[in-house]
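*Asks:* Pasting a structure below so you can have a look.
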Amino acid sequence: MKPSGEDEAAPAGGPWEECFEAAVQLALRAGQIIRKALSEEKRVSTKTSAADLVTETDHLVEGLIISELQKRFPSHR
């Protein structure tokens, strides 16, 4: 018997387990992209100041994370 108030539909690891697993999988994919980029030539631009550098890899990884999270969790902000 489940304690009162516990959601029957929640995964075994709790309501955040799916989010946690998605975050871990995305972090691993992002790490692969970053590791591959370490051996490649970098094109660097700036964001808000000369000290705020950003690479193509930064943009690629950010896009991956945002798009995958939006697909998997469309109701999340």
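Within each chain, counting starts at residue 1; across the structure tokens, chains are named A, B, ... in the order shown, with ligands numbered 1 upward in that order.
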Taking the DSSP assignment computed from this structure's backbone, write out as a VMD selection string all residues of chain A that belong to strand (DSSP E or B).

*Replies:* chain A and resid 44 to 46 53 to 55

*Asks:* For A:Glu41, list every protein, DNA or RNA residue within 12 Å, evaluated using only C-alpha atoms, and leave out those in the same chain fewer than 5 positions away; present the list as a list in words.

*Replies:*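 Listing them by chain and then by number gives Lys36, Thr55, Glu56 and Thr57 of chain A.
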
*Asks:* Can I get the selected residues back with N, CA, C and O atoms, as an mmCIF file, in the first residue's frame?

*Replies:*
```cif
data_model
loop_
_atom_site.group_PDB
_atom_site.id
_atom_site.type_symbol
_atom_site.label_atom_id
_atom_site.label_comp_id
_atom_site.auth_asym_id
_atom_site.auth_seq_id
_atom_site.Cartn_x
_atom_site.Cartn_y
_atom_site.Cartn_z
ATOM 1 N N LYS A 36 34.756 16.279 -28.936
ATOM 2 C CA LYS A 36 35.120 16.247 -30.352
ATOM 3 C C LYS A 36 35.650 17.612 -30.792
ATOM 4 O O LYS A 36 36.625 17.702 -31.542
ATOM 5 N N THR A 55 31.886 30.114 -28.467
ATOM 6 C CA THR A 55 32.327 29.385 -29.653
ATOM 7 C C THR A 55 31.115 28.797 -30.384
ATOM 8 O O THR A 55 30.009 28.748 -29.844
ATOM 9 N N GLU A 56 31.377 28.312 -31.601
ATOM 10 C CA GLU A 56 30.324 27.619 -32.347
ATOM 11 C C GLU A 56 29.835 26.402 -31.553
ATOM 12 O O GLU A 56 28.650 26.079 -31.583
ATOM 13 N N THR A 57 30.751 25.765 -30.868
ATOM 14 C CA THR A 57 30.387 24.595 -30.060
ATOM 15 C C THR A 57 29.430 24.994 -28.940
ATOM 16 O O THR A 57 28.469 24.269 -28.656
#
```

*Asks:* So, with only C-alpha atoms as the atoms that count, which of A:Ile33, A:Cys19, A:Leu26, A:Leu38 lies closest to A:His59?

*Replies:*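 The answer is A:Ile33, which sits nearest to A:His59.
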
*Asks:* Leaving out A:Val54 and any residue of its chain fewer than 3 positions from it, which residues lie within 10 Å of it when counting only C-alpha atoms, given as a VMD selection string?

*Replies:* chain A and resid 42 to 47 51 57 to 59

*Asks:* Those same residues - N, CA, C and O atoms - I'd like them written as a short mmCIF file (atom, residue, chain, number, x, y, z; two decimals), in the first residue's frame.

*Replies:*
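selection_14.cif, freshly written:
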```cif
data_model
loop_
_atom_site.label_atom_id
_atom_site.label_comp_id
_atom_site.auth_asym_id
_atom_site.auth_seq_id
_atom_site.Cartn_x
_atom_site.Cartn_y
_atom_site.Cartn_z
N LYS A 42 38.72 26.41 -33.71
CA LYS A 42 37.58 27.12 -33.10
C LYS A 42 37.35 28.48 -33.75
O LYS A 42 38.29 29.17 -34.09
N ARG A 43 36.08 28.80 -33.91
CA ARG A 43 35.70 30.15 -34.32
C ARG A 43 35.03 30.78 -33.12
O ARG A 43 34.04 30.27 -32.61
N VAL A 44 35.61 31.85 -32.65
CA VAL A 44 35.17 32.48 -31.40
C VAL A 44 34.56 33.84 -31.70
O VAL A 44 35.08 34.60 -32.51
N SER A 45 33.45 34.14 -31.03
CA SER A 45 32.84 35.47 -31.11
C SER A 45 32.61 35.95 -29.69
O SER A 45 32.94 35.26 -28.73
N THR A 46 32.10 37.15 -29.55
CA THR A 46 31.83 37.68 -28.22
C THR A 46 30.33 37.85 -28.04
O THR A 46 29.59 37.96 -29.00
N LYS A 47 29.93 37.88 -26.78
CA LYS A 47 28.52 38.08 -26.46
C LYS A 47 28.31 39.54 -26.06
O LYS A 47 28.03 40.37 -26.89
N ALA A 51 35.39 40.19 -23.14
CA ALA A 51 35.77 39.12 -22.22
C ALA A 51 34.74 37.99 -22.20
O ALA A 51 34.97 36.94 -21.60
N THR A 57 30.75 25.77 -30.87
CA THR A 57 30.39 24.60 -30.06
C THR A 57 29.43 24.99 -28.94
O THR A 57 28.47 24.27 -28.66
N ASP A 58 29.67 26.15 -28.32
CA ASP A 58 28.75 26.65 -27.29
C ASP A 58 27.34 26.78 -27.85
O ASP A 58 26.37 26.34 -27.23
N HIS A 59 27.24 27.38 -29.03
CA HIS A 59 25.94 27.57 -29.67
C HIS A 59 25.30 26.22 -30.01
O HIS A 59 24.10 26.03 -29.80
#
```

*Asks:* Name the residues of stretch 35-71 of chain A that fall into alpha helix (DSSP H) according to DSSP on the backbone, using the chain letters and numbers of this document, as an NGL selection string.

*Replies:* :A and (35-37 or 56-71)

*Asks:* Record the distance separating atom CA of A:Ala22 and atom CA of A:Ser75, expressed in Å with one decimal.

*Replies:* 14.8 Å

*Asks:* Return the single residue from A:Ala50, A:Leu69, A:Ala30, A:Val61 that is closest to A:Glu18, with distances computed using only C-alpha atoms.

*Replies:* A:Leu69

*Asks:* Expressed in Å to a single decimal, how great is the separation between atom CA of A:Gly14 and atom CA of A:Phe73?

*Replies:*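 For atom CA of A:Gly14 relative to atom CA of A:Phe73, the distance reads 16.3 Å.
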